[in-house]
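Printed here is target-v8.cif (mmCIF, C-alpha atoms):
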data_model
loop_
_atom_site.label_atom_id
_atom_site.label_comp_id
_atom_site.auth_asym_id
_atom_site.auth_seq_id
_atom_site.Cartn_x
_atom_site.Cartn_y
_atom_site.Cartn_z
CA MET A 153 -2.58 -27.98 1.63
CA PRO A 154 -4.69 -30.77 3.15
CA ALA A 155 -8.34 -30.14 2.36
CA PRO A 156 -9.64 -31.36 5.74
CA PHE A 157 -7.52 -28.72 7.52
CA ILE A 158 -9.26 -26.00 5.57
CA PHE A 159 -12.77 -27.17 5.20
CA PHE A 160 -13.65 -29.54 8.02
CA ARG A 161 -14.58 -26.85 10.49
CA GLY A 162 -17.30 -26.70 13.03
CA PRO A 163 -20.20 -24.40 12.16
CA SER A 164 -19.88 -20.80 13.28
CA ARG A 165 -22.83 -18.75 14.44
CA HIS A 166 -23.02 -17.35 10.89
CA SER A 167 -22.91 -20.70 9.06
CA THR A 168 -25.50 -23.36 8.31
CA VAL A 169 -25.03 -26.69 10.10
CA ARG A 170 -24.23 -29.47 7.67
CA THR A 171 -24.05 -33.22 8.14
CA SER A 172 -20.64 -34.85 8.16
CA ALA A 173 -21.47 -36.56 4.87
CA GLU A 174 -22.31 -33.23 3.24
CA MET A 175 -19.11 -31.69 4.56
CA ARG A 176 -17.06 -34.60 3.22
CA ALA A 177 -18.71 -34.22 -0.18
CA VAL A 178 -18.00 -30.49 -0.31
CA SER A 179 -14.45 -30.99 0.90
CA SER A 180 -13.81 -33.72 -1.65
CA LYS A 181 -15.16 -31.60 -4.49
CA LEU A 182 -13.12 -28.55 -3.50
CA HIS A 183 -10.00 -30.62 -2.93
CA GLY A 184 -10.40 -32.20 -6.37
CA LEU A 185 -10.66 -28.78 -8.00
CA LEU A 186 -7.59 -27.46 -6.20
CA MET A 187 -5.53 -30.52 -7.14
CA GLN A 188 -6.68 -30.22 -10.73
CA GLN A 189 -5.51 -26.63 -10.82
CA LEU A 190 -2.15 -27.57 -9.29
CA ARG A 191 -1.64 -30.19 -12.00
CA GLY A 192 -2.31 -27.55 -14.62
CA THR A 193 -5.26 -29.43 -16.10
CA SER A 194 -8.01 -27.05 -15.11
CA GLN A 195 -10.07 -25.75 -17.97
CA LEU A 196 -10.89 -22.55 -16.08
CA ASN A 197 -9.86 -19.29 -17.62
CA CYS A 198 -6.54 -18.51 -15.92
CA ASN A 199 -6.35 -15.12 -17.62
CA ALA A 200 -9.50 -13.85 -15.93
CA SER A 201 -7.52 -11.33 -13.91
CA LEU A 202 -6.23 -9.79 -17.14
CA ARG A 203 -9.68 -8.98 -18.47
CA PRO A 204 -10.49 -5.27 -18.75
CA LEU A 205 -12.67 -3.85 -16.03
CA SER A 206 -16.38 -4.10 -16.61
CA SER A 207 -18.27 -0.93 -17.46
CA SER A 208 -19.74 -0.85 -13.95
CA ALA A 209 -16.25 -1.08 -12.43
CA GLN A 210 -14.99 1.68 -14.74
CA GLU A 211 -17.87 3.89 -13.67
CA ALA A 212 -17.08 3.17 -10.01
CA PHE A 213 -13.72 4.88 -10.05
CA LYS A 214 -14.97 7.78 -12.19
CA ARG A 215 -17.70 8.78 -9.73
CA ALA A 216 -17.31 12.07 -7.92
CA PRO A 217 -15.21 11.57 -4.77
CA GLU A 218 -16.88 11.82 -1.39
CA GLU A 219 -15.09 13.77 1.33
CA LEU A 220 -14.88 12.05 4.69
CA SER A 221 -15.87 13.92 7.84
CA ASP A 222 -13.53 11.91 10.08
CA HIS A 223 -10.49 12.89 7.99
CA ASN A 224 -10.11 16.63 8.57
CA TYR A 225 -6.62 17.90 7.74
CA GLU A 226 -4.72 21.02 6.82
CA SER A 227 -2.17 19.40 4.49
CA LEU A 228 -4.15 16.41 3.18
CA GLN A 229 -7.48 15.74 1.52
CA VAL A 230 -8.97 12.28 2.02
CA THR A 231 -11.90 11.14 -0.09
CA SER A 232 -13.78 7.93 -0.75
CA ALA A 233 -12.90 7.42 -4.40
CA GLN A 234 -15.06 4.31 -4.77
CA LYS A 235 -16.26 1.37 -2.72
CA HIS A 236 -13.48 0.20 -0.37
CA VAL A 237 -10.91 2.63 -1.86
CA LEU A 238 -9.64 5.85 -0.27
CA HIS A 239 -7.77 8.64 -2.05
CA VAL A 240 -5.20 10.50 0.06
CA GLN A 241 -4.10 13.67 -1.70
CA LEU A 242 -1.18 15.86 -0.66
CA ASN A 243 -3.10 19.12 -0.66
CA ARG A 244 -0.86 22.19 -0.60
CA PRO A 245 -0.72 22.87 -4.35
CA GLU A 246 0.18 26.53 -3.85
CA LYS A 247 3.33 25.36 -2.02
CA ARG A 248 4.07 22.49 -4.43
CA ASN A 249 2.82 20.14 -1.69
CA ALA A 250 5.82 20.93 0.49
CA MET A 251 5.80 18.96 3.74
CA ASN A 252 5.09 21.37 6.59
CA LYS A 253 4.68 20.77 10.35
CA ALA A 254 1.03 19.76 9.93
CA PHE A 255 1.89 17.18 7.24
CA TRP A 256 4.27 15.18 9.45
CA ARG A 257 1.64 14.91 12.16
CA GLU A 258 -1.39 14.43 9.92
CA MET A 259 0.02 11.58 7.83
CA VAL A 260 0.43 9.52 11.00
CA GLU A 261 -3.11 10.30 12.15
CA CYS A 262 -4.51 9.63 8.67
CA PHE A 263 -2.92 6.21 8.17
CA GLN A 264 -3.61 5.08 11.71
CA LYS A 265 -7.29 5.72 10.99
CA ILE A 266 -7.05 3.96 7.63
CA SER A 267 -5.41 0.93 9.26
CA GLU A 268 -8.41 0.63 11.58
CA ASP A 269 -11.02 1.33 8.87
CA SER A 270 -12.65 -2.05 8.24
CA ASP A 271 -14.34 -0.74 5.09
CA CYS A 272 -11.09 0.35 3.39
CA ARG A 273 -9.21 -2.24 1.31
CA ALA A 274 -6.84 -0.11 -0.80
CA VAL A 275 -5.42 3.43 -0.85
CA VAL A 276 -4.18 5.72 -3.62
CA ILE A 277 -1.79 8.58 -2.73
CA SER A 278 -1.35 11.46 -5.17
CA GLY A 279 -0.45 15.14 -5.17
CA ALA A 280 -2.73 18.08 -5.96
CA GLY A 281 -1.59 20.71 -8.45
CA LYS A 282 1.48 20.64 -10.68
CA MET A 283 3.64 18.10 -8.84
CA PHE A 284 3.58 15.27 -6.35
CA THR A 285 5.74 17.05 -3.76
CA SER A 286 8.74 19.35 -3.56
CA GLY A 287 9.79 17.68 -0.29
CA ILE A 288 10.29 19.25 3.12
CA ASP A 289 9.03 22.81 3.66
CA VAL A 290 12.38 24.24 4.78
CA VAL A 291 10.96 27.60 5.86
CA ASP A 292 8.16 26.10 7.94
CA MET A 293 10.37 23.44 9.53
CA ALA A 294 13.58 25.41 10.15
CA HIS A 295 12.77 26.33 13.74
CA LEU A 296 12.45 22.65 14.69
CA LEU A 297 16.19 22.24 14.16
CA GLN A 298 16.92 24.91 16.77
CA THR A 299 17.68 22.59 19.67
CA PRO A 300 17.16 23.79 23.24
CA GLY A 301 20.13 24.53 25.51
CA ASP A 302 23.85 24.22 24.82
CA ASP A 303 24.61 20.75 26.16
CA ALA A 304 25.61 18.46 23.27
CA ALA A 305 24.06 15.32 24.77
CA ARG A 306 20.71 16.98 25.42
CA MET A 307 20.63 18.59 21.98
CA ALA A 308 21.41 15.21 20.40
CA TRP A 309 18.69 13.55 22.48
CA HIS A 310 16.18 16.15 21.27
CA LEU A 311 17.17 15.70 17.61
CA ARG A 312 17.02 11.92 17.84
CA ASP A 313 13.47 12.09 19.17
CA LEU A 314 12.51 14.55 16.43
CA ILE A 315 13.96 12.39 13.65
CA SER A 316 12.22 9.29 15.03
CA LYS A 317 8.88 11.09 14.89
CA PHE A 318 9.51 12.13 11.27
CA GLN A 319 10.41 8.54 10.37
CA LYS A 320 7.08 7.35 11.75
CA THR A 321 5.30 9.58 9.22
CA PHE A 322 6.25 7.16 6.43
CA THR A 323 6.66 3.94 8.39
CA VAL A 324 2.96 4.18 9.21
CA ILE A 325 2.24 3.72 5.47
CA GLU A 326 4.39 0.60 5.33
CA LYS A 327 2.76 -0.80 8.47
CA CYS A 328 -0.76 -0.07 7.24
CA PRO A 329 -2.18 -3.48 6.26
CA LYS A 330 -4.08 -1.97 3.31
CA PRO A 331 -2.12 -1.88 0.01
CA VAL A 332 -1.03 1.69 -0.80
CA ILE A 333 -0.54 2.81 -4.42
CA ALA A 334 1.54 5.95 -5.07
CA ALA A 335 0.46 7.88 -8.19
CA ILE A 336 3.25 10.36 -9.00
CA HIS A 337 3.31 13.25 -11.44
CA GLY A 338 5.79 16.09 -11.79
CA GLY A 339 8.47 16.36 -9.15
CA CYS A 340 8.92 13.81 -6.38
CA ILE A 341 11.73 15.41 -4.43
CA GLY A 342 13.49 14.73 -1.13
CA GLY A 343 10.85 13.58 1.34
CA GLY A 344 8.70 12.51 -1.59
CA VAL A 345 11.11 9.65 -2.29
CA ASP A 346 10.97 8.68 1.40
CA LEU A 347 7.17 8.59 1.08
CA ILE A 348 6.82 6.57 -2.13
CA THR A 349 9.39 3.95 -1.13
CA ALA A 350 7.15 3.16 1.87
CA CYS A 351 4.24 2.49 -0.53
CA ASP A 352 3.50 -0.93 -2.02
CA ILE A 353 3.03 -0.02 -5.69
CA ARG A 354 4.22 3.02 -7.65
CA TYR A 355 2.78 4.39 -10.90
CA CYS A 356 3.97 7.63 -12.49
CA ALA A 357 3.16 10.02 -15.33
CA GLN A 358 5.65 10.68 -18.12
CA ASP A 359 6.48 14.10 -16.64
CA ALA A 360 7.53 12.64 -13.28
CA PHE A 361 11.06 12.91 -11.95
CA PHE A 362 12.64 11.75 -8.71
CA GLN A 363 15.40 13.35 -6.62
CA VAL A 364 17.14 12.26 -3.45
CA LYS A 365 17.79 15.92 -2.74
CA GLU A 366 19.13 15.91 0.82
CA VAL A 367 22.86 16.21 0.06
CA ASP A 368 22.14 19.56 -1.63
CA LEU A 369 20.79 20.73 1.74
CA GLY A 370 23.85 19.54 3.62
CA LEU A 371 22.42 16.45 5.26
CA ALA A 372 21.90 12.73 4.72
CA ALA A 373 18.34 11.56 4.06
CA ASP A 374 17.10 10.26 7.39
CA VAL A 375 13.44 9.25 7.16
CA GLY A 376 13.49 6.16 4.95
CA THR A 377 15.05 6.63 1.49
CA LEU A 378 18.48 5.22 2.35
CA GLN A 379 16.88 2.21 4.03
CA ARG A 380 14.11 1.40 1.52
CA LEU A 381 15.30 2.58 -1.89
CA PRO A 382 18.10 -0.07 -2.16
CA LYS A 383 15.53 -2.79 -1.48
CA VAL A 384 13.03 -1.31 -3.92
CA ILE A 385 15.32 -1.10 -6.95
CA GLY A 386 17.96 -3.66 -5.99
CA ASN A 387 20.83 -1.68 -7.51
CA GLN A 388 23.18 -0.30 -4.86
CA SER A 389 25.39 1.46 -7.40
CA LEU A 390 22.44 3.41 -8.78
CA VAL A 391 21.16 4.23 -5.29
CA ASN A 392 24.60 5.56 -4.36
CA GLU A 393 24.78 7.65 -7.52
CA LEU A 394 21.36 9.19 -6.96
CA THR A 395 22.10 9.84 -3.28
CA PHE A 396 25.58 11.34 -3.66
CA THR A 397 24.72 13.60 -6.62
CA ALA A 398 21.05 14.55 -6.01
CA ARG A 399 20.52 14.27 -9.78
CA LYS A 400 17.08 13.79 -11.29
CA MET A 401 15.85 10.35 -12.27
CA MET A 402 13.29 10.73 -15.05
CA ALA A 403 10.21 8.53 -15.55
CA ASP A 404 11.70 6.12 -18.09
CA GLU A 405 14.76 5.47 -15.93
CA ALA A 406 12.50 5.01 -12.91
CA LEU A 407 10.61 2.35 -14.86
CA ASP A 408 13.78 0.61 -16.05
CA SER A 409 15.23 0.57 -12.53
CA GLY A 410 12.06 -0.84 -10.95
CA LEU A 411 11.21 2.22 -8.87
CA VAL A 412 7.84 2.38 -10.64
CA SER A 413 5.96 -0.45 -12.33
CA ARG A 414 4.17 1.58 -15.01
CA VAL A 415 4.47 4.97 -16.74
CA PHE A 416 1.48 6.82 -18.24
CA PRO A 417 1.24 9.71 -20.73
CA ASP A 418 -0.25 12.15 -18.21
CA LYS A 419 -1.68 12.54 -14.73
CA ASP A 420 -5.28 11.77 -15.68
CA ASN A 421 -4.42 8.48 -17.36
CA MET A 422 -2.20 7.56 -14.43
CA LEU A 423 -4.92 8.23 -11.84
CA ASP A 424 -7.49 6.26 -13.86
CA ALA A 425 -5.09 3.31 -13.91
CA ALA A 426 -4.28 3.66 -10.19
CA PHE A 427 -7.96 3.64 -9.24
CA ALA A 428 -8.64 0.71 -11.58
CA LEU A 429 -5.82 -1.19 -9.87
CA ALA A 430 -7.21 -0.26 -6.44
CA ALA A 431 -10.65 -1.52 -7.55
CA GLU A 432 -9.11 -4.81 -8.65
CA ILE A 433 -7.29 -5.23 -5.33
CA SER A 434 -10.35 -4.28 -3.29
CA SER A 435 -12.42 -6.99 -5.01
CA LYS A 436 -10.19 -9.70 -3.52
CA SER A 437 -10.43 -11.25 -0.07
CA PRO A 438 -9.14 -8.68 2.43
CA VAL A 439 -7.84 -11.55 4.57
CA ALA A 440 -5.72 -12.72 1.63
CA VAL A 441 -4.55 -9.29 0.46
CA GLN A 442 -3.69 -7.81 3.84
CA GLY A 443 -2.05 -11.03 4.99
CA SER A 444 0.04 -10.99 1.82
CA LYS A 445 1.21 -7.42 2.43
CA ILE A 446 2.19 -8.09 6.03
CA ASN A 447 4.16 -11.18 5.05
CA LEU A 448 5.85 -9.49 2.08
CA VAL A 449 7.13 -6.70 4.32
CA TYR A 450 8.25 -9.20 6.96
CA SER A 451 10.05 -11.34 4.36
CA ARG A 452 11.94 -8.35 2.99
CA ASP A 453 13.66 -7.88 6.34
CA HIS A 454 14.15 -11.52 7.44
CA THR A 455 15.74 -14.71 6.23
CA VAL A 456 13.81 -17.21 4.14
CA ASP A 457 13.60 -19.67 7.05
CA GLU A 458 12.36 -16.99 9.45
CA SER A 459 9.82 -15.79 6.91
CA LEU A 460 8.52 -19.29 6.21
CA ASP A 461 8.09 -19.87 9.93
CA TYR A 462 6.23 -16.56 10.28
CA MET A 463 4.03 -17.48 7.29
CA ALA A 464 3.17 -20.86 8.80
CA SER A 465 2.20 -19.19 12.08
CA TRP A 466 0.17 -16.60 10.18
CA ASN A 467 -1.78 -19.04 8.02
CA MET A 468 -2.44 -21.54 10.80
CA SER A 469 -5.32 -19.24 11.68
CA MET A 470 -5.97 -17.38 8.41
CA LEU A 471 -6.59 -20.60 6.43
CA GLN A 472 -9.73 -21.06 8.50
CA THR A 473 -11.40 -18.07 6.86
CA GLN A 474 -14.73 -18.35 5.05
CA ASP A 475 -13.12 -16.32 2.24
CA ILE A 476 -11.42 -19.46 0.88
CA ILE A 477 -14.70 -21.36 0.61
CA LYS A 478 -16.43 -18.38 -1.00
CA SER A 479 -13.62 -17.89 -3.52
CA VAL A 480 -13.29 -21.54 -4.52
CA GLN A 481 -17.04 -22.00 -4.81
CA ALA A 482 -17.17 -19.00 -7.16
CA VAL A 483 -14.46 -20.56 -9.31
CA MET A 484 -16.23 -23.93 -9.31
CA GLU A 485 -19.46 -22.29 -10.40
CA LYS A 486 -17.57 -20.30 -13.07
CA LYS A 487 -18.70 -17.00 -11.58
CA ASP A 488 -16.72 -13.78 -11.82
CA THR A 489 -14.70 -13.66 -8.60
CA LYS A 490 -15.53 -9.95 -8.36
CA SER A 491 -19.10 -11.01 -7.59
CA VAL A 492 -18.04 -12.55 -4.26
CA THR A 493 -18.99 -10.52 -1.20
CA PHE A 494 -16.33 -10.63 1.52
CA SER A 495 -16.93 -9.50 5.07
CA LYS A 496 -15.21 -6.38 6.36
CA LEU A 497 -11.84 -6.78 8.01
#
Now, as a test, write the supplied structure out as structure tokens.
Amino acid sequence: MPAPFIFFRGPSRHSTVRTSAEMRAVSSKLHGLLMQQLRGTSQLNCNASLRPLSSSAQEAFKRAPEELSDHNYESLQVTSAQKHVLHVQLNRPEKRNAMNKAFWREMVECFQKISEDSDCRAVVISGAGKMFTSGIDVVDMAHLLQTPGDDAARMAWHLRDLISKFQKTFTVIEKCPKPVIAAIHGGCIGGGVDLITACDIRYCAQDAFFQVKEVDLGLAADVGTLQRLPKVIGNQSLVNELTFTARKMMADEALDSGLVSRVFPDKDNMLDAAFALAAEISSKSPVAVQGSKINLVYSRDHTVDESLDYMASWNMSMLQTQDIIKSVQAVMEKKDTKSVTFSKL
């Protein structure tokens, strides 16, 4: 990318005015560093991102969670796990986190708030109790399928509206610009698969299993699994097998198929890893991370040419961020990039 496009910018109200000579010197230095890295001759430590978390970072995600007053729900518990990271917990352990009427409404409200939360940079979703979720609460939801009247068109219209609302419950996760990490233990059944396939990253414990359960209830999955699972694992034959049989996929098979990226011995180890990952993500530029998520989702559903055009339109404004200058200066000064303070987004 041409250095002048990025760095020759007029001073903002937050920046210090520099002379044109100073700006040229800074631009030249930064451009030289970037070109050196592109040629593969940089002596900087390229494995910095693989270093273990510092003790202070480890302590950050082990601190007691702080409940948030603006997230008051019946089926969910939302806490501030650490700086810039929220923990959304499915919170009906006595019902195996079955998805009741409140859940379908509250997930939308929750993630709409998270999307607008300028302090949040990453989210971890987990389940309280013995499993992630047993799926839809059939008893609690049964009455919703009792359509009004006896006219087929009007009943169909009612059901279509209902299904669309249920679909939004998980689409709101996908549309949330903050990366969402699913941390799964025990059963992830039915609607649970719809939920996790809308997330960006999936970790699981060794005891986890996954079931596309809907055919056992006499219906086709209709809130996201059939649309997202094939794109997540890239194996249509396996998706068809899981969907038509409702069999369990165990943790190791989930890892091999690409449904999850890592498997851990137990829930505690998995959550520690999920929060460590969230801490790593939240230390990066939110402009870069959230822009990356939006473009990854767009690219999944569009051609390469369309996606490149969208990316060019996106970065024509995003490349003007101060985050680039802050990040590159930290690298030039051989500072830990986690020490960079980025503005809220």
Exercise for the section: Determine the residue set returned by the PyMOL selection byres ((chain A and resi 323-332) around 8) for the present structure, and present it as number ranges by chain. Expected result: A: 260, 263-264, 266-267, 272-277, 319-322, 333-334, 350-353, 376, 441-443, 445-446, 449
Once you have the residues from the selection above, write them out as a compact mmCIF listing (two decimals), in the frame of the given file, restricted to C-alpha atoms.
# COMPACT_ATOMS: atom_id res chain seq x y z
CA VAL A 260 0.43 9.52 11.00
CA PHE A 263 -2.92 6.21 8.17
CA GLN A 264 -3.61 5.08 11.71
CA ILE A 266 -7.05 3.96 7.63
CA SER A 267 -5.41 0.93 9.26
CA CYS A 272 -11.09 0.35 3.39
CA ARG A 273 -9.21 -2.24 1.31
CA ALA A 274 -6.84 -0.11 -0.80
CA VAL A 275 -5.42 3.43 -0.85
CA VAL A 276 -4.18 5.72 -3.62
CA ILE A 277 -1.79 8.58 -2.73
CA GLN A 319 10.41 8.54 10.37
CA LYS A 320 7.08 7.35 11.75
CA THR A 321 5.30 9.58 9.22
CA PHE A 322 6.25 7.16 6.43
CA ILE A 333 -0.54 2.81 -4.42
CA ALA A 334 1.54 5.95 -5.07
CA ALA A 350 7.15 3.16 1.87
CA CYS A 351 4.24 2.49 -0.53
CA ASP A 352 3.50 -0.93 -2.02
CA ILE A 353 3.03 -0.02 -5.69
CA GLY A 376 13.49 6.16 4.95
CA VAL A 441 -4.55 -9.29 0.46
CA GLN A 442 -3.69 -7.81 3.84
CA GLY A 443 -2.05 -11.03 4.99
CA LYS A 445 1.21 -7.42 2.43
CA ILE A 446 2.19 -8.09 6.03
CA VAL A 449 7.13 -6.70 4.32
Evaluate the PyMOL selection byres ((chain A and resi 381) around 10) and report residues as a CSV table (one decimal) with C-alpha atoms, in the frame of the given file:
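Written out: result-v5.csv:
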chain,number,residue,atom,x,y,z
A,345,VAL,CA,11.1,9.6,-2.3
A,346,ASP,CA,11.0,8.7,1.4
A,348,ILE,CA,6.8,6.6,-2.1
A,349,THR,CA,9.4,4.0,-1.1
A,350,ALA,CA,7.2,3.2,1.9
A,364,VAL,CA,17.1,12.3,-3.4
A,376,GLY,CA,13.5,6.2,5.0
A,377,THR,CA,15.0,6.6,1.5
A,378,LEU,CA,18.5,5.2,2.4
A,379,GLN,CA,16.9,2.2,4.0
A,380,ARG,CA,14.1,1.4,1.5
A,382,PRO,CA,18.1,-0.1,-2.2
A,383,LYS,CA,15.5,-2.8,-1.5
A,384,VAL,CA,13.0,-1.3,-3.9
A,385,ILE,CA,15.3,-1.1,-7.0
A,386,GLY,CA,18.0,-3.7,-6.0
A,387,ASN,CA,20.8,-1.7,-7.5
A,388,GLN,CA,23.2,-0.3,-4.9
A,390,LEU,CA,22.4,3.4,-8.8
A,391,VAL,CA,21.2,4.2,-5.3
A,411,LEU,CA,11.2,2.2,-8.9
Practice task
Determine the nearest neighbour of A:Ile341 from the options A:Asn249, A:Ser479, A:Asn421, A:Ser459, counting only C-alpha atoms.
Solution key: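 When distances to A:Ile341 are compared using only C-alpha atoms, the smallest one comes from A:Asn249.
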Problem - Output of the PyMOL selection byres ((chain A and resi 412) around 7), listed as a ChimeraX atom specification - result: /A:354-356,406-407,410-411,413-414
Exercise for the section: Point out the residue among A:Ala280, A:Asp271, A:Ile288, A:Glu219 with the least atom-to-atom distance to A:Ala250, counting all atoms listed in the file. Expected result: A:Ile288
Exercise for the section: May I have the residues within 8 Å of stretch 485-490 of chain A as a ChimeraX atom specification, using all atoms listed in the file and disregarding those fewer than 2 positions away in the same chain? Expected result: /A:196,435-436,479,481-483,492-493
Practice task
Rank nothing, just name the residue among A:Ala372, A:Cys340, A:Met251, A:Val456 nearest to A:Met293, using only C-alpha atoms.
Solution key: A:Met251
Practice task
Write out as a ChimeraX atom specification which residues come within 8 Å of A:Asp418 when counting all atoms listed in the file, dropping same-chain ones fewer than 5 positions away.
Solution key: /A:337,357-359
Problem - Top pick for closest residue to A:Ala254, considering A:Ser409, A:Ser278, A:Asn224, A:Thr397 and counting all atoms listed in the file - result: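 Ranking A:Ser409, A:Ser278, A:Asn224, A:Thr397 by distance to A:Ala254, first place goes to A:Asn224.
If you count all atoms listed in the file and draw a sphere of 9 Å around (19.3, 15.4, -7.9), the protein and nucleic acid residues inside it come out as Ile341, Gly342, Phe362, Gln363, Val364, Lys365, Glu366, Val367, Asp368, Leu394, Thr395, Phe396, Thr397, Ala398, Arg399, Lys400 and Met401 of chain A.
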Practice task
Kindly indicate which residue among A:Leu369, A:Lys478, A:Leu347, A:Val375 lies nearest to A:Ser316, using only C-alpha atoms for the distances.
Solution key: A:Val375
Handout entry: Option closest in space to A:Cys262, from A:Asn467, A:Ser389, A:Thr455, A:Gln241 [counting only C-alpha atoms]
Key =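 Once distances to A:Cys262 are computed over only C-alpha atoms, the minimum belongs to A:Gln241.
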Around stretch 281-297 of chain A, with edges along x, y and z and 6 Å added on all six sides, what centre and edge lengths do you get, in Å to one decimal, as AutoDock Vina command-line options?
--center_x 7.3 --center_y 21.4 --center_z 2.0 --size_x 29.8 --size_y 24.3 --size_z 37.4
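Atom pair atom CA of A:Ser232 / atom CA of A:Asp289 has a distance of 27.6 Å (rounded to one decimal).
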Residue rebuild result stretch 384-396 of chain A, N, CA and C atoms as a compact mmCIF listing (two decimals), in the coordinates of the input:
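In the end it all went to out_22.txt:
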# COMPACT_ATOMS: atom_id res chain seq x y z
N VAL A 384 14.04 -1.49 -2.87
CA VAL A 384 13.03 -1.31 -3.92
C VAL A 384 13.61 -1.56 -5.29
N ILE A 385 14.78 -0.99 -5.59
CA ILE A 385 15.32 -1.10 -6.95
C ILE A 385 16.43 -2.14 -7.08
N GLY A 386 16.99 -2.58 -5.95
CA GLY A 386 17.96 -3.66 -5.99
C GLY A 386 19.24 -3.34 -6.73
N ASN A 387 19.60 -2.08 -6.81
CA ASN A 387 20.83 -1.68 -7.51
C ASN A 387 21.56 -0.68 -6.62
N GLN A 388 22.50 -1.16 -5.82
CA GLN A 388 23.18 -0.30 -4.86
C GLN A 388 24.00 0.78 -5.53
N SER A 389 24.60 0.46 -6.67
CA SER A 389 25.39 1.46 -7.40
C SER A 389 24.52 2.64 -7.83
N LEU A 390 23.35 2.34 -8.35
CA LEU A 390 22.44 3.41 -8.78
C LEU A 390 21.94 4.21 -7.59
N VAL A 391 21.60 3.53 -6.50
CA VAL A 391 21.16 4.23 -5.29
C VAL A 391 22.25 5.19 -4.82
N ASN A 392 23.49 4.71 -4.79
CA ASN A 392 24.60 5.56 -4.36
C ASN A 392 24.76 6.77 -5.26
N GLU A 393 24.66 6.54 -6.56
CA GLU A 393 24.78 7.65 -7.52
C GLU A 393 23.71 8.70 -7.30
N LEU A 394 22.47 8.26 -7.17
CA LEU A 394 21.36 9.19 -6.96
C LEU A 394 21.52 9.95 -5.65
N THR A 395 21.98 9.24 -4.62
CA THR A 395 22.10 9.84 -3.28
C THR A 395 23.25 10.83 -3.20
N PHE A 396 24.39 10.48 -3.78
CA PHE A 396 25.58 11.34 -3.66
C PHE A 396 25.52 12.56 -4.57
